[in-house]
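With compact mmCIF, C-alpha atoms inside, this is run.txt:
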```txt
# COMPACT_ATOMS: atom_id res chain seq x y z
CA MET A 775 -14.94 19.92 47.64
CA LYS A 776 -17.91 17.66 47.07
CA VAL A 777 -17.13 14.37 45.37
CA THR A 778 -19.51 11.71 44.16
CA MET A 779 -18.41 8.34 42.83
CA GLN A 780 -19.73 4.85 42.34
CA VAL A 781 -17.91 2.56 44.75
CA ASN A 782 -18.64 -1.15 44.35
CA GLY A 783 -21.88 -0.31 42.60
CA ALA A 784 -23.22 2.17 45.15
CA GLU A 785 -23.14 5.94 44.92
CA ARG A 786 -20.92 7.44 47.61
CA THR A 787 -20.35 11.10 48.32
CA GLY A 788 -17.95 13.03 50.48
CA ASP A 789 -16.68 16.49 51.22
CA VAL A 790 -12.89 16.44 50.95
CA GLU A 791 -9.92 18.73 50.61
CA PRO A 792 -8.40 18.48 47.10
CA ARG A 793 -5.22 17.02 48.59
CA VAL A 794 -6.99 13.92 49.95
CA LEU A 795 -5.75 10.79 48.20
CA LEU A 796 -8.27 8.26 46.95
CA VAL A 797 -6.86 5.56 49.23
CA ASP A 798 -7.42 7.76 52.28
CA PHE A 799 -10.93 8.66 51.14
CA LEU A 800 -11.77 4.97 50.77
CA ARG A 801 -10.23 3.91 54.07
CA THR A 802 -11.10 6.89 56.29
CA ASN A 803 -14.28 8.41 54.86
CA LEU A 804 -15.89 5.22 53.57
CA ALA A 805 -14.33 2.77 56.07
CA LEU A 806 -13.33 0.45 53.23
CA THR A 807 -10.08 -0.75 54.79
CA GLY A 808 -9.56 -3.66 52.41
CA THR A 809 -7.53 -1.30 50.21
CA HIS A 810 -4.11 -1.24 51.85
CA VAL A 811 -1.43 1.41 52.18
CA GLY A 812 1.91 -0.27 51.59
CA CYS A 813 4.80 1.86 50.40
CA ASP A 814 2.78 5.07 49.87
CA THR A 815 5.28 5.94 47.10
CA THR A 816 3.71 4.44 43.95
CA SER A 817 5.93 1.38 44.14
CA CYS A 818 4.11 -1.59 45.66
CA GLY A 819 0.52 -1.84 44.38
CA ALA A 820 -1.04 -2.71 47.79
CA CYS A 821 -3.47 0.18 47.26
CA THR A 822 -4.65 -1.07 43.85
CA VAL A 823 -8.29 -0.38 42.99
CA LEU A 824 -10.13 -0.56 39.67
CA LEU A 825 -10.94 2.85 38.16
CA ASP A 826 -13.57 2.36 35.46
CA GLY A 827 -12.37 -1.25 35.33
CA GLU A 828 -8.64 -0.55 35.08
CA PRO A 829 -6.18 -1.19 37.90
CA VAL A 830 -4.58 1.98 39.30
CA LYS A 831 -2.71 2.95 42.45
CA SER A 832 -5.11 4.76 44.76
CA CYS A 833 -2.19 6.35 46.67
CA THR A 834 -1.32 8.23 43.48
CA LEU A 835 -4.75 9.56 42.67
CA LEU A 836 -6.68 12.39 44.30
CA ALA A 837 -10.23 11.65 45.42
CA VAL A 838 -11.38 14.74 43.49
CA GLN A 839 -9.98 13.27 40.24
CA VAL A 840 -12.41 10.37 40.60
CA ASP A 841 -15.51 12.57 40.88
CA GLY A 842 -18.21 11.04 38.65
CA ARG A 843 -16.27 7.85 37.99
CA GLU A 844 -16.47 4.24 39.09
CA ILE A 845 -14.29 2.46 41.64
CA LYS A 846 -14.13 -1.19 42.56
CA THR A 847 -12.29 -2.28 45.71
CA VAL A 848 -11.69 -5.75 47.11
CA GLU A 849 -14.92 -5.39 49.09
CA GLY A 850 -16.77 -5.34 45.75
CA LEU A 851 -15.47 -8.71 44.50
CA ALA A 852 -17.80 -11.09 46.37
CA GLN A 853 -21.52 -11.04 45.69
CA GLY A 854 -23.00 -11.52 49.12
CA ALA A 855 -21.59 -14.81 50.40
CA THR A 856 -20.53 -15.93 46.92
CA LEU A 857 -16.83 -15.45 46.26
CA SER A 858 -15.64 -14.22 42.88
CA PRO A 859 -13.57 -16.62 40.72
CA LEU A 860 -10.40 -14.73 41.73
CA GLN A 861 -11.20 -15.10 45.41
CA ILE A 862 -11.88 -18.82 44.96
CA GLY A 863 -8.61 -19.13 43.06
CA PHE A 864 -6.61 -17.48 45.84
CA HIS A 865 -8.36 -19.71 48.41
CA GLU A 866 -7.88 -22.97 46.51
CA GLU A 867 -4.31 -22.37 45.36
CA HIS A 868 -3.17 -20.80 48.63
CA GLY A 869 -2.40 -17.56 46.80
CA LEU A 870 -1.56 -15.64 49.95
CA GLN A 871 0.68 -15.80 52.97
CA CYS A 872 0.42 -12.61 55.04
CA GLY A 873 -2.40 -11.32 52.83
CA PHE A 874 -1.26 -7.71 52.62
CA CYS A 875 -0.81 -7.61 48.84
CA THR A 876 -3.82 -9.87 48.19
CA PRO A 877 -6.54 -7.25 47.54
CA GLY A 878 -4.35 -5.60 44.90
CA MET A 879 -3.35 -8.92 43.34
CA MET A 880 -6.98 -10.05 43.10
CA LEU A 881 -8.08 -6.77 41.51
CA VAL A 882 -5.26 -6.85 38.96
CA GLY A 883 -6.20 -10.48 38.22
CA THR A 884 -9.86 -9.51 37.83
CA ALA A 885 -9.01 -6.78 35.32
CA LEU A 886 -6.64 -9.10 33.42
CA LEU A 887 -9.24 -11.85 32.98
CA GLU A 888 -11.82 -9.29 31.92
CA HIS A 889 -9.94 -8.56 28.67
CA ASN A 890 -7.82 -11.70 28.45
CA PRO A 891 -9.83 -14.70 29.72
CA ASN A 892 -7.08 -17.23 29.00
CA PRO A 893 -3.74 -15.57 29.83
CA THR A 894 -0.39 -17.30 29.59
CA ASP A 895 1.95 -17.54 32.57
CA GLU A 896 4.01 -14.75 31.07
CA GLN A 897 0.98 -12.49 30.62
CA ILE A 898 -0.09 -13.06 34.24
CA ARG A 899 3.39 -12.25 35.50
CA TRP A 900 3.50 -9.13 33.38
CA ALA A 901 0.05 -8.03 34.63
CA ILE A 902 1.08 -8.36 38.30
CA SER A 903 4.51 -6.80 37.76
CA GLY A 904 3.41 -3.57 39.46
CA ASN A 905 2.29 -5.42 42.58
CA ILE A 906 4.84 -6.56 45.13
CA CYS A 907 4.35 -9.62 47.35
CA ARG A 908 6.89 -9.26 50.13
CA CYS A 909 6.29 -12.86 51.22
CA THR A 910 7.51 -13.64 47.66
CA GLY A 911 4.58 -15.98 47.12
CA TYR A 912 4.34 -15.24 43.42
CA MET A 913 4.15 -18.88 42.28
CA ASN A 914 0.84 -19.45 44.01
CA ILE A 915 -0.50 -16.05 43.00
CA VAL A 916 0.06 -17.02 39.36
CA LYS A 917 -1.60 -20.38 40.00
CA ALA A 918 -4.53 -18.65 41.73
CA ILE A 919 -5.14 -16.44 38.69
CA GLN A 920 -4.89 -19.48 36.39
CA HIS A 921 -7.40 -21.26 38.61
CA ALA A 922 -9.79 -18.30 38.34
CA ALA A 923 -9.36 -18.28 34.56
CA ARG A 924 -10.33 -21.98 34.41
CA LEU A 925 -13.38 -21.35 36.62
CA GLN A 926 -14.52 -18.51 34.41
CA GLN A 927 -13.92 -20.52 31.23
CA ALA A 928 -15.93 -23.42 32.63
CA ALA A 929 -18.79 -21.09 33.51
CA VAL A 930 -18.98 -19.76 29.95
CA PRO A 931 -20.07 -22.16 27.21
CA ALA A 932 -17.61 -22.44 24.31
CA GLY A 933 -18.04 -19.53 21.96
CA GLY A 934 -20.29 -17.84 24.51
CA VAL A 935 -20.04 -14.23 25.46
CA LYS A 936 -18.94 -13.46 28.98
CA MET B 801 1.86 10.98 53.37
CA PHE B 802 -0.29 13.65 51.86
CA PRO B 803 0.43 16.83 49.92
CA ALA B 804 0.45 20.36 51.31
CA ALA B 805 -2.89 22.08 50.75
CA PHE B 806 -3.58 23.44 47.25
CA ASP B 807 -6.47 24.86 45.27
CA TYR B 808 -7.79 22.50 42.64
CA ARG B 809 -9.43 23.30 39.33
CA ALA B 810 -10.56 20.79 36.72
CA PRO B 811 -11.84 22.88 33.81
CA ALA B 812 -14.14 21.41 31.19
CA THR B 813 -12.71 23.47 28.31
CA LEU B 814 -9.23 24.38 27.13
CA ASP B 815 -10.11 28.09 27.04
CA GLU B 816 -11.12 27.98 30.67
CA ALA B 817 -7.88 26.18 31.57
CA LEU B 818 -5.78 28.73 29.67
CA GLY B 819 -7.67 31.54 31.42
CA VAL B 820 -6.80 30.05 34.81
CA LEU B 821 -3.13 29.79 33.84
CA LYS B 822 -3.08 33.37 32.56
CA GLU B 823 -4.08 34.53 36.03
CA ARG B 824 -2.25 32.03 38.21
CA GLY B 825 0.32 30.28 36.01
CA ASP B 826 3.28 31.29 38.16
CA ASP B 827 2.14 29.32 41.18
CA ALA B 828 0.27 26.55 39.40
CA LYS B 829 1.17 23.05 38.25
CA VAL B 830 -0.63 21.41 35.35
CA MET B 831 -1.64 17.81 36.02
CA ALA B 832 -2.64 15.20 33.45
CA GLY B 833 -2.30 11.64 34.82
CA GLY B 834 -0.52 12.81 37.96
CA GLN B 835 1.84 9.83 38.13
CA SER B 836 4.90 12.07 38.48
CA LEU B 837 3.27 15.14 40.04
CA ILE B 838 1.35 13.44 42.85
CA PRO B 839 4.45 11.66 44.23
CA LEU B 840 6.26 15.04 44.15
CA LEU B 841 3.35 16.71 45.96
CA LYS B 842 3.30 13.96 48.59
CA LEU B 843 7.04 14.31 49.21
CA ARG B 844 6.46 18.08 49.20
CA PHE B 845 9.20 18.56 46.62
CA ALA B 846 6.48 20.52 44.82
CA GLN B 847 4.08 22.78 46.69
CA PRO B 848 2.07 24.69 44.09
CA ALA B 849 -0.76 26.94 45.26
CA LEU B 850 -2.94 25.54 42.49
CA VAL B 851 -3.19 22.19 40.75
CA LEU B 852 -4.82 22.56 37.34
CA ASP B 853 -6.18 19.15 36.39
CA ILE B 854 -6.51 18.94 32.60
CA GLY B 855 -7.83 15.36 32.88
CA ARG B 856 -11.36 16.43 31.99
CA LEU B 857 -10.54 18.41 28.86
CA PRO B 858 -12.27 16.93 25.82
CA ALA B 859 -10.68 15.38 22.72
CA MET B 860 -7.12 15.28 24.04
CA ASN B 861 -6.91 11.51 24.32
CA GLN B 862 -6.53 10.99 20.58
CA ILE B 863 -3.68 9.61 18.50
CA ALA B 864 -4.22 11.22 15.10
CA ARG B 865 -2.40 10.86 11.79
CA SER B 866 -2.40 13.71 9.29
CA ASP B 867 -0.13 15.40 6.74
CA GLY B 868 2.99 13.42 7.51
CA HIS B 869 2.62 13.72 11.26
CA LEU B 870 1.48 11.60 14.11
CA SER B 871 -0.14 13.68 16.83
CA ILE B 872 -0.37 12.34 20.39
CA GLY B 873 -2.83 14.33 22.49
CA ALA B 874 -2.00 15.53 25.99
CA LEU B 875 -4.19 12.89 27.66
CA VAL B 876 -2.95 9.86 25.71
CA ARG B 877 -1.63 7.43 28.30
CA HIS B 878 1.38 5.12 28.13
CA VAL B 879 -1.02 2.16 27.95
CA ASP B 880 -2.80 3.65 24.93
CA VAL B 881 0.50 3.76 23.03
CA GLU B 882 1.56 0.34 24.33
CA HIS B 883 -1.58 -1.33 22.96
CA ASP B 884 -1.92 0.56 19.65
CA LEU B 885 -1.20 -2.19 17.12
CA GLU B 886 -1.14 0.09 14.10
CA LEU B 887 1.38 2.33 15.83
CA ALA B 888 3.48 -0.71 16.73
CA LYS B 889 3.79 -1.56 13.03
CA GLN B 890 4.41 1.99 11.85
CA THR B 891 6.70 3.35 14.58
CA PRO B 892 7.75 0.39 16.73
CA ILE B 893 9.93 2.49 19.06
CA LEU B 894 6.81 4.05 20.59
CA GLY B 895 5.18 0.84 21.78
CA GLU B 896 8.54 -0.56 22.77
CA ALA B 897 9.31 2.42 25.02
CA ALA B 898 5.77 2.48 26.47
CA HIS B 899 6.05 -1.18 27.43
CA TRP B 900 9.03 -0.51 29.72
CA ILE B 901 7.71 2.58 31.53
CA ALA B 902 7.13 2.16 35.26
CA ASP B 903 4.60 -0.66 35.75
CA PRO B 904 1.19 -1.58 34.29
CA LEU B 905 -0.75 0.35 36.95
CA VAL B 906 1.20 3.57 36.41
CA ARG B 907 0.87 3.11 32.64
CA ASN B 908 -2.91 3.12 33.07
CA ARG B 909 -2.75 6.71 34.37
CA GLY B 910 0.46 8.38 33.21
CA THR B 911 0.56 10.31 29.94
CA VAL B 912 3.18 10.65 27.20
CA VAL B 913 3.00 14.44 27.04
CA GLY B 914 2.92 14.78 30.83
CA SER B 915 6.09 12.71 31.05
CA VAL B 916 7.89 14.85 28.46
CA CYS B 917 6.84 18.07 30.25
CA HIS B 918 7.93 16.66 33.61
CA ALA B 919 11.45 16.60 32.10
CA ASP B 920 12.93 13.99 34.38
CA PRO B 921 16.39 13.13 32.94
CA ALA B 922 15.48 9.51 33.72
CA GLY B 923 12.22 9.81 31.78
CA ASP B 924 11.89 7.55 28.77
CA TRP B 925 9.73 9.61 26.42
CA GLY B 926 12.14 12.56 26.29
CA SER B 927 14.82 10.44 24.62
CA VAL B 928 12.34 8.77 22.30
CA MET B 929 10.98 12.15 21.17
CA LEU B 930 14.50 13.51 20.65
CA ALA B 931 15.28 10.51 18.46
CA LEU B 932 12.06 10.98 16.49
CA GLY B 933 12.55 14.73 16.02
CA ALA B 934 9.19 15.49 17.66
CA GLU B 935 7.65 18.89 18.41
CA LEU B 936 5.35 20.05 21.19
CA VAL B 937 2.27 22.12 20.47
CA ALA B 938 1.92 24.66 23.29
CA ARG B 939 -1.18 26.80 23.81
CA SER B 940 -1.65 29.87 25.96
CA ALA B 941 -4.37 32.50 26.17
CA SER B 942 -2.34 34.53 23.66
CA GLY B 943 -1.91 31.83 21.03
CA GLU B 944 -0.11 28.71 19.95
CA ARG B 945 3.54 27.91 19.33
CA VAL B 946 5.45 24.84 18.28
CA ILE B 947 8.49 23.84 20.34
CA PRO B 948 10.98 21.28 19.02
CA VAL B 949 11.79 18.74 21.74
CA ALA B 950 15.46 19.32 20.87
CA GLY B 951 16.13 22.41 22.98
CA PHE B 952 13.06 21.95 25.22
CA PHE B 953 14.95 20.43 28.15
CA GLN B 954 17.07 22.92 30.10
CA ASP B 955 17.85 21.23 33.41
CA PRO B 956 16.38 18.44 35.52
CA PHE B 957 12.61 19.08 35.67
CA THR B 958 13.09 22.38 33.84
CA THR B 959 11.94 23.19 30.32
CA THR B 960 11.34 26.20 28.08
CA LEU B 961 7.58 25.92 28.61
CA LYS B 962 6.13 29.18 29.96
CA PRO B 963 3.98 29.26 33.11
CA ASP B 964 0.84 30.19 31.14
CA GLU B 965 1.23 27.42 28.55
CA ILE B 966 -0.32 23.99 28.24
CA VAL B 967 1.10 21.41 25.85
CA THR B 968 -1.91 20.10 23.97
CA ALA B 969 -0.14 17.50 21.85
CA ILE B 970 3.20 16.17 20.67
CA ARG B 971 3.75 15.90 16.92
CA ILE B 972 6.00 13.26 15.42
CA PRO B 973 7.07 13.46 11.76
CA ILE B 974 6.30 10.22 9.97
CA SER B 975 8.77 9.24 7.29
CA SER B 976 7.28 8.35 3.94
CA GLY B 977 10.12 5.97 3.19
CA ARG B 978 11.95 3.29 5.09
CA ALA B 979 12.39 4.05 8.77
CA GLY B 980 13.06 2.07 11.90
CA GLY B 981 13.91 2.61 15.52
CA ALA B 982 14.41 0.90 18.84
CA TYR B 983 14.39 1.66 22.55
CA ASN B 984 16.76 -0.30 24.75
CA LYS B 985 16.43 0.12 28.49
CA LEU B 986 18.37 -1.32 31.40
CA GLU B 987 16.47 -1.30 34.68
CA ARG B 988 17.12 -3.16 37.92
CA LYS B 989 13.49 -4.17 38.33
CA VAL B 990 10.01 -3.34 37.05
CA GLY B 991 9.08 0.19 38.04
CA ASP B 992 12.61 1.41 38.63
CA PHE B 993 13.98 4.31 36.64
CA ALA B 994 16.39 3.41 33.85
CA THR B 995 20.00 2.78 34.79
CA VAL B 996 20.58 3.71 31.16
CA ALA B 997 18.31 3.74 28.15
CA VAL B 998 18.90 4.66 24.51
CA ALA B 999 16.44 5.60 21.78
CA VAL B 1000 17.51 5.42 18.13
CA GLN B 1001 15.57 6.14 14.97
CA VAL B 1002 16.90 6.09 11.40
CA GLU B 1003 15.41 6.92 8.03
CA MET B 1004 16.91 5.30 4.97
CA ASP B 1005 17.09 5.94 1.26
CA GLY B 1006 18.23 2.67 -0.19
CA ARG B 1007 21.16 1.64 1.99
CA LYS B 1008 22.04 5.17 3.07
CA VAL B 1009 20.88 6.94 6.20
CA THR B 1010 19.04 10.19 5.46
CA ARG B 1011 18.17 11.05 9.04
CA ALA B 1012 19.36 9.68 12.37
CA GLY B 1013 18.08 10.45 15.85
CA ILE B 1014 19.69 9.25 19.08
CA GLY B 1015 18.35 10.11 22.55
CA LEU B 1016 19.98 9.12 25.85
CA THR B 1017 18.18 8.53 29.17
CA SER B 1018 19.58 8.76 32.72
CA VAL B 1019 23.09 9.80 31.70
CA GLY B 1020 23.04 13.57 32.30
CA PRO B 1021 21.03 16.49 33.69
CA THR B 1022 18.45 16.10 30.89
CA ASN B 1023 17.62 13.61 28.17
CA ILE B 1024 20.53 14.06 25.77
CA LYS B 1025 20.45 14.30 21.99
CA ALA B 1026 23.66 12.67 20.75
CA THR B 1027 24.18 15.13 17.90
CA GLN B 1028 27.71 14.11 16.87
CA ALA B 1029 26.72 10.46 16.69
CA GLU B 1030 23.70 11.37 14.57
CA LYS B 1031 25.86 13.40 12.16
CA ALA B 1032 28.28 10.52 11.81
CA LEU B 1033 25.50 8.36 10.40
CA VAL B 1034 23.80 10.67 7.91
CA GLY B 1035 24.80 9.95 4.30
CA ARG B 1036 26.46 6.68 5.30
CA GLU B 1037 25.48 3.06 5.10
CA LEU B 1038 24.82 1.30 8.40
CA THR B 1039 27.81 -1.00 8.48
CA ASP B 1040 29.43 -2.52 11.57
CA GLU B 1041 32.06 0.18 11.28
CA THR B 1042 29.75 3.23 11.07
CA ILE B 1043 27.57 1.80 13.83
CA ARG B 1044 30.63 1.31 16.07
CA GLU B 1045 31.74 4.88 15.42
CA ALA B 1046 28.28 6.34 16.19
CA ALA B 1047 28.15 4.30 19.39
CA ARG B 1048 31.55 5.64 20.45
CA LEU B 1049 30.44 9.24 19.81
CA ALA B 1050 27.16 8.73 21.68
CA ALA B 1051 29.03 7.37 24.70
CA GLU B 1052 31.19 10.50 24.59
CA ALA B 1053 28.04 12.66 24.68
CA ALA B 1054 26.83 10.90 27.83
CA ASN B 1055 27.68 12.55 31.12
CA PRO B 1056 26.48 10.11 33.78
CA LYS B 1057 27.22 10.08 37.52
CA ASP B 1058 28.20 7.23 39.81
CA ASP B 1059 25.19 6.13 41.84
CA ILE B 1060 23.56 3.02 43.29
CA ARG B 1061 22.58 1.90 39.80
CA GLY B 1062 26.14 1.82 38.52
CA SER B 1063 29.38 3.69 37.97
CA ALA B 1064 29.70 6.45 35.41
CA ALA B 1065 32.14 4.36 33.36
CA TYR B 1066 29.74 1.42 33.31
CA LYS B 1067 26.83 3.61 32.21
CA LYS B 1068 28.86 5.13 29.39
CA ASP B 1069 29.69 1.67 28.19
CA VAL B 1070 26.02 0.65 28.32
CA VAL B 1071 25.26 3.67 26.11
CA ARG B 1072 27.82 2.41 23.61
CA VAL B 1073 26.39 -1.10 23.61
CA PHE B 1074 22.77 0.09 23.41
CA VAL B 1075 23.47 2.43 20.47
CA GLN B 1076 25.04 -0.49 18.60
CA ARG B 1077 22.22 -2.85 19.52
CA GLY B 1078 19.56 -0.24 18.75
CA LEU B 1079 20.99 0.63 15.34
CA HIS B 1080 21.15 -3.03 14.32
CA THR B 1081 17.49 -3.45 15.36
CA ALA B 1082 16.52 -0.18 13.66
CA LEU B 1083 18.21 -1.26 10.44
CA GLY B 1084 16.34 -4.56 10.49
CA ARG B 1085 13.05 -2.79 11.08
CA ALA B 1086 13.68 -0.21 8.36
CA GLN B 1087 14.31 -3.04 5.91
CA GLU B 1088 11.02 -4.71 6.87
CA VAL B 1089 9.01 -1.58 6.06
CA LYS B 1090 7.71 -1.58 2.49
CA ALA B 1091 8.91 1.64 0.90
```
Please rewrite the model in this file as structure tokens.
Amino acid sequence: MKVTMQVNGAERTGDVEPRVLLVDFLRTNLALTGTHVGCDTTSCGACTVLLDGEPVKSCTLLAVQVDGREIKTVEGLAQGATLSPLQIGFHEEHGLQCGFCTPGMMLVGTALLEHNPNPTDEQIRWAISGNICRCTGYMNIVKAIQHAARLQQAAVPAGGVK
Amino acid sequence: MFPAAFDYRAPATLDEALGVLKERGDDAKVMAGGQSLIPLLKLRFAQPALVLDIGRLPAMNQIARSDGHLSIGALVRHVDVEHDLELAKQTPILGEAAHWIADPLVRNRGTVVGSVCHADPAGDWGSVMLALGAELVARSASGERVIPVAGFFQDPFTTTLKPDEIVTAIRIPISSGRAGGAYNKLERKVGDFATVAVAVQVEMDGRKVTRAGIGLTSVGPTNIKATQAEKALVGRELTDETIREAARLAAEAANPKDDIRGSAAYKKDVVRVFVQRGLHTALGRAQEVKA
């Protein structure tokens, strides 16, 4: 089947069997290997991407279901050489150890700050509760998201619209 | 891991979808959010010849209120219920249950109706809908019928839905008087299935219970409606004594198995505790509602 979707702002097409999972389409057909396959059983969140701005598990989604919709992967976070606030946060606060869960964590963080620019600790922990860090580096992941929130707040004048 | 090959259709209208099921319903699976079906396809526990994706059908993602009912469309996701503030005030058990389903990523895709139709005995919505006395609206090419959730579940992953039917919505009666409910769930970690969970919903006239619903999760081959416990409450006041008695009867209705999440005896006792806890919460909530 023919599929067409916006991936990181660019239109991408492919010809796939209906059984092809989105994560495999991204990694194999589009060579976007920043989206990881962890558990492959809907448990770990390593394959998280944003579907129309919302975090979802791309191992539990068929590529054909995404036809006509919009995907953002970790490759879409930076603008050229400029890192996104989440990426800066993870860099500054040492929000990663092995790095395997990091793309998913940063995408979940991006979506969280989009609708909740100033989340509490509890809200951050709840937002990342579907993403497993097997290095158990959660403390710094939370700090990294807080750091990104502060960066975004500083970039927006008080009362301004993001 | 990837599924065995299947044909895929994503109709743009309900009539087209029902036409497909009329022809091929016997070897088809209907998919909404896919959060239960896709894992089954990947493990090859399910190998349908056709996956009918209803995700593109229009106007099914609505939560509507009319003539004493709340109607949740087939494409309403767990997250939609979780974040509906009006719903949280009116029927708190719904948002409470949604909040504890799987994890935030799964809740962004999975649907309420899909979960009920999947009929996993560890599914949360089945018990909630039993407690609320909900009904499913099922459509086929030959018409529409209404199926009470009580009686819908036959066995694990098996319901009375016919192969040519699509559930278009679930209808929940909304009490005009004082009502309250609660969903208590014990899980080992985020995303795990319930070790045990209990849904309770009561309607009150003054201090007396006029209707009671109790649904049990993960303690039998299906979600269980604790009928004896419900009967023991109707016409009574919710005192410590009547609550204790209902909790005892609900624990008797549970038929759990020993597994890695706990022993059968432990799970039965959790049912007892959760019925008590849930009824106390439900009573408090019913008293908050302005009659």
For His865 of chain A, please output as a list in words all residues within 12 Å (counting all atoms listed in the file; exclusion window: fewer than 4 positions along the same chain).
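Answer for this query is Leu857, Ser858, Pro859, Leu860, Gln861, Gly869, Leu870, Gln871, Gly873, Thr876, Met880, Asn914, Ile915, Lys917, Ala918, Ile919, His921 and Ala922 of chain A.
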Quick one: everything within 10 Å of Ile902 of chain A, counting all atoms listed in the file, minus sequence neighbours fewer than 3 positions away in the same chain. Send it as an mmCIF file with C-alpha atoms, in the frame of the given file.
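Here's the written file part19.cif:
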```
data_model
loop_
_atom_site.group_PDB
_atom_site.id
_atom_site.type_symbol
_atom_site.label_atom_id
_atom_site.label_comp_id
_atom_site.auth_asym_id
_atom_site.auth_seq_id
_atom_site.Cartn_x
_atom_site.Cartn_y
_atom_site.Cartn_z
ATOM 1 C CA GLY A 819 0.520 -1.840 44.380
ATOM 2 C CA GLY A 878 -4.350 -5.600 44.900
ATOM 3 C CA MET A 879 -3.350 -8.920 43.340
ATOM 4 C CA MET A 880 -6.980 -10.050 43.100
ATOM 5 C CA LEU A 881 -8.080 -6.770 41.510
ATOM 6 C CA VAL A 882 -5.260 -6.850 38.960
ATOM 7 C CA GLY A 883 -6.200 -10.480 38.220
ATOM 8 C CA LEU A 886 -6.640 -9.100 33.420
ATOM 9 C CA GLN A 897 0.980 -12.490 30.620
ATOM 10 C CA ILE A 898 -0.090 -13.060 34.240
ATOM 11 C CA ARG A 899 3.390 -12.250 35.500
ATOM 12 C CA ASN A 905 2.290 -5.420 42.580
ATOM 13 C CA ILE A 906 4.840 -6.560 45.130
ATOM 14 C CA CYS A 907 4.350 -9.620 47.350
ATOM 15 C CA TYR A 912 4.340 -15.240 43.420
ATOM 16 C CA ILE A 915 -0.500 -16.050 43.000
ATOM 17 C CA VAL A 916 0.060 -17.020 39.360
ATOM 18 C CA ASP B 903 4.600 -0.660 35.750
ATOM 19 C CA PRO B 904 1.190 -1.580 34.290
ATOM 20 C CA LEU B 905 -0.750 0.350 36.950
#
```
Show which residues sit within 10 Å of Ser866 of chain B, as a PyMOL selection string. Count all atoms listed in the file, and ignore same-chain residues fewer than 5 positions away.
chain B and resi 871+973-974
Write out as a ChimeraX atom specification the residues lying within 12 Å of Asp1069 of chain B, counting only C-alpha atoms and excluding same-chain residues fewer than 6 positions away.
/B:995-998,1019,1047-1056,1062-1063,1075-1076
Between atom CA of Gly868 of chain B and atom CA of Gly977 of chain B, measure the distance and give it in Å to one decimal.
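Calculated distance between atom CA of Gly868 of chain B and atom CA of Gly977 of chain B is 11.2 Å.
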Could you list, as a list of chain:residue names, the residues of chain A having an atom within 6 Å of chain B when counting all atoms listed in the file?
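Within 6 Å of chain B on chain A, we get A:Arg793, A:Pro829, A:Val830, A:Thr834, A:Gly904.
Atom to atom, atom CA of Phe953 of chain B and atom CA of Ile966 of chain B stand 15.7 Å apart.
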Skip segment 954-961 of chain B itself and residues of its chain fewer than 3 positions away, then list as JSON, numbers by chain all residues within 8 Å of it, counting all atoms listed in the file.
{"B": [917, 918, 919, 920, 921, 938, 951, 965, 1021, 1022]}
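Comparing A:Gln920, A:Thr856, A:Ser903, A:Thr802 by their smallest distance to Cys818 of chain A, the closest is A:Ser903 (using all atoms listed in the file).
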Which one of A:Met913, A:Ala928, A:Ala784, A:Val848 sits closest to Gly808 of chain A if you count all atoms listed in the file?
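Using all atoms listed in the file, the shortest distance to Gly808 of chain A belongs to A:Val848.
One finds atom CA of Asn861 of chain B at 21.4 Å from atom CA of Gly933 of chain B.
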